[in-house]
Structure formats: C-alpha cells, structure tokens
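K.L.:
Next comes the structure file coords.tsv, holding TSV, C-alpha atoms and all ligand atoms.
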```tsv
chain	number	residue	atom	x	y	z
G	1	MET	CA	186.59	-3.50	36.45
G	2	SER	CA	183.03	-2.33	37.00
G	3	TYR	CA	182.17	-0.27	40.04
G	4	VAL	CA	179.19	1.19	41.92
G	5	ILE	CA	178.76	4.73	43.22
G	6	THR	CA	175.84	5.39	45.54
G	7	ILE	CA	174.00	8.63	46.23
G	8	ASP	CA	171.49	8.57	49.08
G	9	GLY	CA	169.54	11.43	50.52
G	10	PRO	CA	166.09	12.85	51.31
G	11	ALA	CA	163.36	13.87	48.87
G	12	GLY	CA	164.17	16.86	46.71
G	13	ALA	CA	167.90	17.01	47.50
G	14	GLY	CA	168.61	17.04	43.76
G	15	LYS	CA	169.87	13.44	43.73
G	16	SER	CA	168.26	12.46	40.43
G	17	THR	CA	169.62	15.32	38.36
G	18	VAL	CA	173.02	15.13	39.99
G	19	ALA	CA	173.24	11.32	39.73
G	20	LYS	CA	172.22	11.43	36.04
G	21	ASP	CA	174.88	14.05	35.26
G	22	VAL	CA	177.56	12.18	37.21
G	23	ALA	CA	176.73	8.93	35.38
G	24	LYS	CA	176.86	10.73	32.03
G	25	ALA	CA	180.21	12.37	32.81
G	26	LEU	CA	181.67	9.00	33.84
G	27	GLY	CA	180.08	7.21	30.88
G	28	ILE	CA	178.29	4.69	33.09
G	29	LYS	CA	174.66	3.76	33.81
G	30	TYR	CA	172.27	5.55	36.12
G	31	LEU	CA	170.00	3.55	38.44
G	32	ASP	CA	166.98	5.42	39.79
G	33	THR	CA	165.75	3.16	42.61
G	34	GLY	CA	163.00	5.64	43.53
G	35	ALA	CA	161.39	4.98	40.13
G	36	ILE	CA	161.09	1.29	41.04
G	37	TYR	CA	159.41	2.13	44.37
G	38	ARG	CA	157.14	4.60	42.62
G	39	ALA	CA	156.08	2.06	39.98
G	40	ILE	CA	155.26	-0.69	42.45
G	41	SER	CA	153.39	1.75	44.73
G	42	LEU	CA	151.26	2.98	41.86
G	43	ILE	CA	150.35	-0.55	40.80
G	44	LEU	CA	149.55	-1.71	44.34
G	45	HIS	CA	147.42	1.36	44.88
G	46	GLU	CA	145.58	0.85	41.58
G	47	SER	CA	144.99	-2.77	42.58
G	48	GLU	CA	143.40	-1.42	45.79
G	49	ILE	CA	145.93	-3.12	48.01
G	50	LYS	CA	146.45	-0.82	50.96
G	51	PRO	CA	149.91	-0.32	52.52
G	52	VAL	CA	148.84	-1.90	55.80
G	53	ASP	CA	148.91	-5.68	55.57
G	54	ASP	CA	152.34	-7.10	54.88
G	55	GLU	CA	150.99	-10.61	54.23
G	56	ILE	CA	148.34	-9.58	51.64
G	57	MET	CA	150.93	-7.41	49.99
G	58	ARG	CA	153.44	-10.23	49.80
G	59	GLU	CA	150.90	-12.33	47.86
G	60	ALA	CA	150.07	-9.45	45.49
G	61	LEU	CA	153.77	-8.81	44.90
G	62	SER	CA	154.37	-12.35	43.78
G	63	ASP	CA	152.12	-11.61	40.76
G	64	ILE	CA	153.91	-8.40	39.81
G	65	ASP	CA	156.89	-8.43	37.51
G	66	ILE	CA	159.02	-5.28	37.39
G	67	GLN	CA	161.78	-4.70	34.88
G	68	LEU	CA	163.99	-1.79	33.97
G	69	GLN	CA	164.75	-1.09	30.34
G	70	GLY	CA	166.66	2.15	29.88
G	71	LYS	CA	164.26	4.87	31.01
G	72	ALA	CA	161.28	2.52	30.95
G	73	VAL	CA	159.93	0.94	34.13
G	74	LEU	CA	157.93	-2.08	32.99
G	75	VAL	CA	155.29	-3.44	35.33
G	76	ASN	CA	153.90	-6.69	33.98
G	77	GLY	CA	155.12	-5.52	30.58
G	78	PHE	CA	153.61	-2.01	30.68
G	79	ASP	CA	155.81	1.07	30.89
G	80	VAL	CA	154.58	3.25	33.76
G	81	ALA	CA	157.52	5.71	33.73
G	82	GLY	CA	155.24	8.51	32.49
G	83	GLU	CA	152.79	8.15	35.39
G	84	ILE	CA	155.02	7.99	38.42
G	85	ARG	CA	156.20	11.59	38.85
G	86	THR	CA	153.13	13.14	40.43
G	87	PRO	CA	152.54	14.55	43.93
G	88	ALA	CA	150.07	11.68	44.54
G	89	VAL	CA	152.74	9.05	43.75
G	90	ASP	CA	155.26	11.01	45.91
G	91	GLU	CA	153.05	10.30	48.90
G	92	LEU	CA	152.01	6.78	47.91
G	93	SER	CA	155.60	5.63	47.41
G	94	SER	CA	156.67	7.04	50.74
G	95	LYS	CA	153.99	4.87	52.42
G	96	TYR	CA	154.42	1.64	50.40
G	97	SER	CA	158.21	1.76	50.61
G	98	ALA	CA	157.96	1.43	54.40
G	99	ILE	CA	156.42	-2.06	54.08
G	100	PRO	CA	159.01	-4.86	54.55
G	101	SER	CA	157.62	-7.17	51.83
G	102	VAL	CA	157.80	-4.34	49.30
G	103	ARG	CA	161.44	-3.62	50.10
G	104	LYS	CA	162.29	-7.32	50.05
G	105	ALA	CA	160.61	-7.85	46.67
G	106	LEU	CA	162.60	-5.02	45.10
G	107	LEU	CA	165.99	-5.78	46.60
G	108	SER	CA	167.21	-8.43	44.17
G	109	LEU	CA	166.07	-6.41	41.15
G	110	GLN	CA	168.21	-3.52	42.37
G	111	LYS	CA	171.24	-5.63	43.34
G	112	GLU	CA	171.17	-7.40	40.01
G	113	GLN	CA	171.80	-4.15	38.10
G	114	GLU	CA	175.43	-4.21	39.13
G	115	ASN	CA	175.97	-7.28	36.94
G	116	HIS	CA	175.44	-5.19	33.82
G	117	GLY	CA	178.39	-2.81	34.29
G	118	SER	CA	179.30	0.22	36.38
G	119	ILE	CA	176.46	2.29	37.84
G	120	VAL	CA	175.60	5.40	39.77
G	121	ALA	CA	172.73	4.27	42.01
G	122	GLU	CA	170.49	6.81	43.66
G	123	GLY	CA	167.96	6.27	46.47
G	124	ARG	CA	167.43	6.08	50.23
G	125	ASP	CA	169.32	2.91	51.17
G	126	VAL	CA	171.55	2.19	48.18
G	127	GLY	CA	174.78	2.80	50.11
G	128	SER	CA	173.63	1.10	53.30
G	129	VAL	CA	171.58	-1.92	52.15
G	130	VAL	CA	171.55	-2.47	48.38
G	131	PHE	CA	175.22	-1.86	47.57
G	132	PRO	CA	177.08	-1.87	50.90
G	133	ASN	CA	180.34	-2.58	49.03
G	134	ALA	CA	180.02	0.39	46.67
G	135	LYS	CA	183.35	2.00	45.84
G	136	VAL	CA	182.28	5.56	46.67
G	137	LYS	CA	179.21	6.60	48.66
G	138	PHE	CA	177.58	10.01	48.98
G	139	PHE	CA	174.84	11.44	51.15
G	140	LEU	CA	173.32	14.42	49.41
G	141	THR	CA	171.05	16.70	51.38
G	142	ALA	CA	169.77	20.28	51.66
G	143	SER	CA	167.52	22.13	54.08
G	144	PRO	CA	163.76	21.34	53.77
G	145	GLU	CA	163.19	24.96	52.66
G	146	ALA	CA	165.83	24.79	49.93
G	147	ARG	CA	164.40	21.48	48.71
G	148	ALA	CA	160.83	22.81	48.72
G	149	LYS	CA	161.94	25.90	46.77
G	150	ARG	CA	163.60	23.67	44.12
G	151	ARG	CA	160.48	21.50	43.75
G	152	TYR	CA	158.34	24.64	43.55
G	153	ASP	CA	160.55	26.16	40.82
G	154	GLU	CA	160.57	22.84	38.92
G	155	ARG	CA	156.78	22.64	38.87
G	156	VAL	CA	156.36	26.29	37.89
G	157	ALA	CA	158.90	25.82	35.08
G	158	LYS	CA	156.83	22.89	33.79
G	159	GLY	CA	153.70	25.07	33.88
G	160	GLN	CA	152.19	23.00	36.71
G	161	SER	CA	150.33	24.52	39.63
G	162	ALA	CA	152.42	24.74	42.79
G	163	ASP	CA	151.91	25.78	46.38
G	164	TYR	CA	155.19	26.30	48.28
G	165	ASP	CA	153.70	25.67	51.73
G	166	GLU	CA	152.06	22.44	50.58
G	167	ILE	CA	155.32	21.25	48.97
G	168	LEU	CA	157.25	22.03	52.17
G	169	ARG	CA	154.67	20.15	54.25
G	170	SER	CA	154.89	17.14	51.94
G	171	ILE	CA	158.72	17.15	52.07
G	172	ILE	CA	158.76	17.29	55.87
G	173	GLU	CA	156.20	14.45	56.03
G	174	ARG	CA	158.17	12.28	53.58
G	175	ASP	CA	161.41	12.95	55.50
G	176	LYS	CA	159.65	11.72	58.62
G	177	ASN	CA	158.25	8.59	56.91
G	178	ASP	CA	161.54	7.77	55.17
G	179	SER	CA	163.75	8.18	58.22
G	180	THR	CA	161.53	6.67	60.91
G	181	ARG	CA	160.40	3.49	59.15
G	182	GLU	CA	161.64	0.31	60.78
G	183	ILE	CA	163.17	-1.27	57.72
G	184	SER	CA	166.01	0.42	55.81
G	185	PRO	CA	165.35	3.92	57.15
G	186	LEU	CA	167.08	6.81	55.42
G	187	THR	CA	170.45	7.09	57.16
G	188	ILE	CA	173.90	8.31	56.27
G	189	PRO	CA	175.70	5.12	55.13
G	190	GLU	CA	178.96	4.30	56.85
G	191	GLY	CA	181.83	5.87	54.99
G	192	ALA	CA	179.58	8.13	52.91
G	193	ILE	CA	180.74	11.60	51.91
G	194	TYR	CA	178.21	14.14	53.24
G	195	LEU	CA	177.26	16.98	50.92
G	196	ASP	CA	174.86	19.77	51.90
G	197	THR	CA	173.78	21.36	48.62
G	198	SER	CA	171.53	24.10	50.09
G	199	ASP	CA	173.88	26.78	48.78
G	200	MET	CA	175.29	24.90	45.79
G	201	THR	CA	174.21	24.93	42.18
G	202	GLU	CA	173.55	21.59	40.51
G	203	GLN	CA	176.78	21.94	38.51
G	204	GLU	CA	178.77	22.59	41.67
G	205	ALA	CA	177.35	19.45	43.31
G	206	VAL	CA	178.11	17.36	40.20
G	207	GLN	CA	181.68	18.69	40.03
G	208	LYS	CA	182.27	18.04	43.72
G	209	ILE	CA	181.08	14.44	43.35
G	210	LEU	CA	183.18	13.87	40.22
G	211	ASP	CA	186.28	15.26	41.98
G	212	LYS	CA	185.76	12.95	44.96
G	213	VAL	CA	185.11	9.92	42.73
G	214	LYS	CA	188.22	10.55	40.64
G	215	GLU	CA	190.25	10.98	43.80
G	216	ALA	CA	188.89	7.76	45.35
G	217	ILE	CA	189.09	5.50	42.28
G	218	PRO	CA	191.60	7.05	39.88
G	219	ASP	CA	192.29	3.86	37.95
G	220	GLU	CA	188.65	3.07	37.21
G	221	THR	CA	187.86	6.64	36.11
G	222	LYS	CA	190.86	7.35	33.87
G	301	LIG	O1	163.61	9.35	45.22
G	301	LIG	P1	162.12	9.34	44.99
G	301	LIG	O2	161.46	10.57	45.52
G	301	LIG	O3	161.75	9.07	43.57
G	301	LIG	O4	161.57	8.09	45.85
G	301	LIG	C1	160.20	7.80	45.95
G	301	LIG	C2	159.92	7.12	47.29
G	301	LIG	O5	160.51	5.82	47.30
G	301	LIG	C3	160.45	7.86	48.51
G	301	LIG	O6	159.40	8.32	49.32
G	301	LIG	C4	161.23	6.86	49.29
G	301	LIG	C5	161.18	5.59	48.51
G	301	LIG	N1	162.50	5.05	48.23
G	301	LIG	C6	163.03	4.19	49.16
G	301	LIG	O7	162.42	3.95	50.18
G	301	LIG	N2	164.24	3.60	48.93
G	301	LIG	C7	164.94	3.88	47.82
G	301	LIG	N3	166.12	3.30	47.62
G	301	LIG	C8	164.41	4.79	46.87
G	301	LIG	C9	163.19	5.37	47.12
```
Do you think you could lay out the structure here as structure tokens?
P.N.:
Amino acid sequence: MSYVITIDGPAGAGKSTVAKDVAKALGIKYLDTGAIYRAISLILHESEIKPVDDEIMREALSDIDIQLQGKAVLVNGFDVAGEIRTPAVDELSSKYSAIPSVRKALLSLQKEQENHGSIVAEGRDVGSVVFPNAKVKFFLTASPEARAKRRYDERVAKGQSADYDEILRSIIERDKNDSTREISPLTIPEGAIYLDTSDMTEQEAVQKILDKVKEAIPDETK
C-alpha cells in the first residue's frame, strides 16, 4: 500500500535535505512543493505579471503548464530547475505563493503525485491542505538564527557571496509572509510531530524522522 509522509516548516529549517534523505532511506519518492512555487513565481515575474491582481494572474496561469519529471520542473516544456534557487526567487516565491489563484492552480498537480506511489512531501501546507490524510506528518523548525547560519554556511560552501544579517532579515520576512497570508498559512498541521532542529545535525533529524515513521507505520516500512 502506498503512503504519504509530510514535512512542513519555515524557510531554511533543513526540510529539503532531510526530506530527500528520508525518502532515499525509505526507497520512496521525494516531492519538493517549494520548487513548484518557485518555478511558477519565476515565470510570472518574467512575464511581468505582478503578485497583486488575483484575476489577471488567474488568466495568466491558465496558459502555464507545469510538470514534474524527476528533478526537472518543466514550465511549458522548459526545465527551470537550475534557475529557481536564488535569493531573488526566494523572495518572489514568498510573495506569489500568497496569491489564492496561484495556490489553487498548483494544488491538483501536487495532490496528483500521490497516485504514482509513496512519497515524502515537503512544503508549507502539505500536511494541512495538500495531503491532510498523510500517514505521518512532521513540522520541522529551528530558530531564525540557526536557519540563517545554515543558509550562510551553504552559500559560503558553494563559493557564493553571503551576508549573515541580510539572510537573517530575509528569513524573518519570509516567515512573516508565509505565516500571515490568508490562504494556507504556514501552521503546524493537526497531529504533526514537532521537531526543533536548532541543536540537531541533519543526520540526527533524519534518524529521528525515520524512527517515528517506522514506529507509526511498521507494516509499510518493513
Ligand atoms: O521551501 P522553499 O523555500 O523552496 O519554498 C519557496 C516558497 O514557496 C516559500 O516562500 C513558500 C512557498 N511555498 C508555499 O507557500 N507552500 C508550499 N507547500 C511550498 C512552498
């Protein structure tokens, strides 16, 4: 029987790395819902459609086709996966994802992924809205300072320029946008297991999640 595990949480909580490792350990697929929001935000921005008018956006969205193929995020047939992990798209996606028509347009694409086998889905509302019947739900978080430090270290390790104070400011702003928007705000889904990873290594967080999953659904994870 296929099953869904959800991991929600704020920006920079380490969800992506942890979710990827958990999916790999369980031998199931990983669904990065943030990548879908990032891709659509980039395309809307490039089409000069501002995140203000829900109606205009709804029309534009009807012309955009988004598909997931492994690591590729195809927008009207073009893979944009390589362009969506930039500080500019961090901020754009936080704004566009607050628009109801954007969330509505992406909901069925996300829900549909469960028809292709078991998944670990990661995002902001995957446990509350997209997969409310998920077998095991997690809420992964860490202090804004710990998250900013991780992002800073990541960028430095990639040889990119990084300013800790600017990263912290951006994280606090995105937290505010993501948790105060009217539609699907970032919340702890009912029944979710809360994990604060401020003082945990990535491996510790992965192990903790795997232990909880195996405890909750022993038959499916044998
Ligand atoms: O997880 P991420 O940083 O890649 O997400 C990018 C943006 O997309 C983030 O600002 C919030 C939004 N998002 C969302 O609103 N709902 C999701 N399920 C996933 C991401």
K.L.:
Output the neighbourhood of ligand LIG 301 (chain G) as a ChimeraX atom specification, that is, all protein and nucleic acid residues with some atom at most 7 Å from the ligand, counting only C-alpha atoms and all ligand atoms.
P.N.:
/G:11-12,33-35,37-38,90-91,93-94,97-98,122-126,174,178
K.L.:
Need the axis-aligned box for range 54-66 of chain G with 5 Å each side, so what are the centre and edges in Å to one decimal, as JSON?
P.N.:
```
{"center_x": 153.7, "center_y": -8.8, "center_z": 46.1, "size_x": 20.7, "size_y": 17.1, "size_z": 27.5}
```
K.L.:
Hey, could you make a per-residue contact list for range 49-105 of chain G against range 135-156 of chain G with 12 Å as the cut-off, showing the nearest pair of atoms and its distance in Å to one decimal, counting only C-alpha atoms, sorted by chain and number, as a Markdown table?
P.N.:
```
| residue | atom | partner | partner_atom | distance |
| --- | --- | --- | --- | --- |
| G:Arg85 | CA | G:Arg155 | CA | 11.1 |
| G:Thr86 | CA | G:Arg155 | CA | 10.3 |
| G:Pro87 | CA | G:Arg155 | CA | 10.4 |
| G:Asp90 | CA | G:Arg151 | CA | 11.9 |
```
K.L.:
Just the selected residues (C-alpha atoms), exported as an mmCIF file, keeping the file's coordinate frame, please.
P.N.:
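File produced: selection_16.cif:
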```cif
data_model
loop_
_atom_site.group_PDB
_atom_site.id
_atom_site.type_symbol
_atom_site.label_atom_id
_atom_site.label_comp_id
_atom_site.auth_asym_id
_atom_site.auth_seq_id
_atom_site.Cartn_x
_atom_site.Cartn_y
_atom_site.Cartn_z
ATOM 1 C CA ARG G 85 156.200 11.590 38.850
ATOM 2 C CA THR G 86 153.130 13.140 40.430
ATOM 3 C CA PRO G 87 152.540 14.550 43.930
ATOM 4 C CA ASP G 90 155.260 11.010 45.910
#
```
K.L.:
Between CA of Gln113 in chain G and CA of Lys212 in chain G, what is the distance, to one decimal in Å?
P.N.:
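Result for CA of Gln113 in chain G versus CA of Lys212 in chain G: 23.1 Å, one decimal.
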K.L.:
Select, from G:Glu55, G:Lys104, G:Ile43, G:Asp8, the residue with the minimum atom-to-atom distance to Phe78 in chain G, counting only C-alpha atoms.
P.N.:
G:Ile43
K.L.:
I'd like the contact shell of Val75 in chain G - 7 Å cut-off, all atoms listed in the file, skipping same-chain residues fewer than 5 positions apart - returned as a list of chain:residue names.
P.N.:
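Skipping anything fewer than 5 positions along the chain leaves G:Ile64, G:Asp65, G:Ile66, G:Gln67, G:Val80.
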K.L.:
Can you work out the spacing between CA of Ala60 in chain G and CA of Leu44 in chain G in Å, to one decimal?
P.N.:
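Computing the Euclidean distance for CA of Ala60 in chain G and CA of Leu44 in chain G yields 7.8 Å.
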K.L.:
Need the shell around Glu112 in chain G: protein/DNA/RNA residues with any atom at most 12 Å away, counting only C-alpha atoms. Skip same-chain ones fewer than 3 positions apart. Format as a PyMOL selection string?
P.N.:
chain G and resi 4+31+67-68+106-109+115-119+121+130-131
K.L.:
Skipping near chain neighbours, those fewer than 2 positions away, what residues fall within 12 Å of Val18 in chain G using only C-alpha atoms, listed as a PyMOL selection string?
P.N.:
chain G and resi 6-9+12-16+20-25+30+32+120-122+138-141+195+197+200-210
K.L.:
Set the distance at 10 Å and use only C-alpha atoms: which residues neighbour Arg181 in chain G once local chain neighbours fewer than 2 positions away are removed? I'd like the list as a list in words.
P.N.:
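Listing them by chain and then by number gives Ser94, Lys95, Ser97, Ala98, Ile99, Pro100, Lys176, Asn177, Asp178, Ser179, Ile183, Ser184, Pro185 and Leu186 of chain G.
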K.L.:
Which of these residues is nearest to Ile217 in chain G, using all atoms listed in the file: G:Ala134, G:Val102, G:Ala162, G:Ile40?
P.N.:
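Ranking G:Ala134, G:Val102, G:Ala162, G:Ile40 by distance to Ile217 in chain G, first place goes to G:Ala134.
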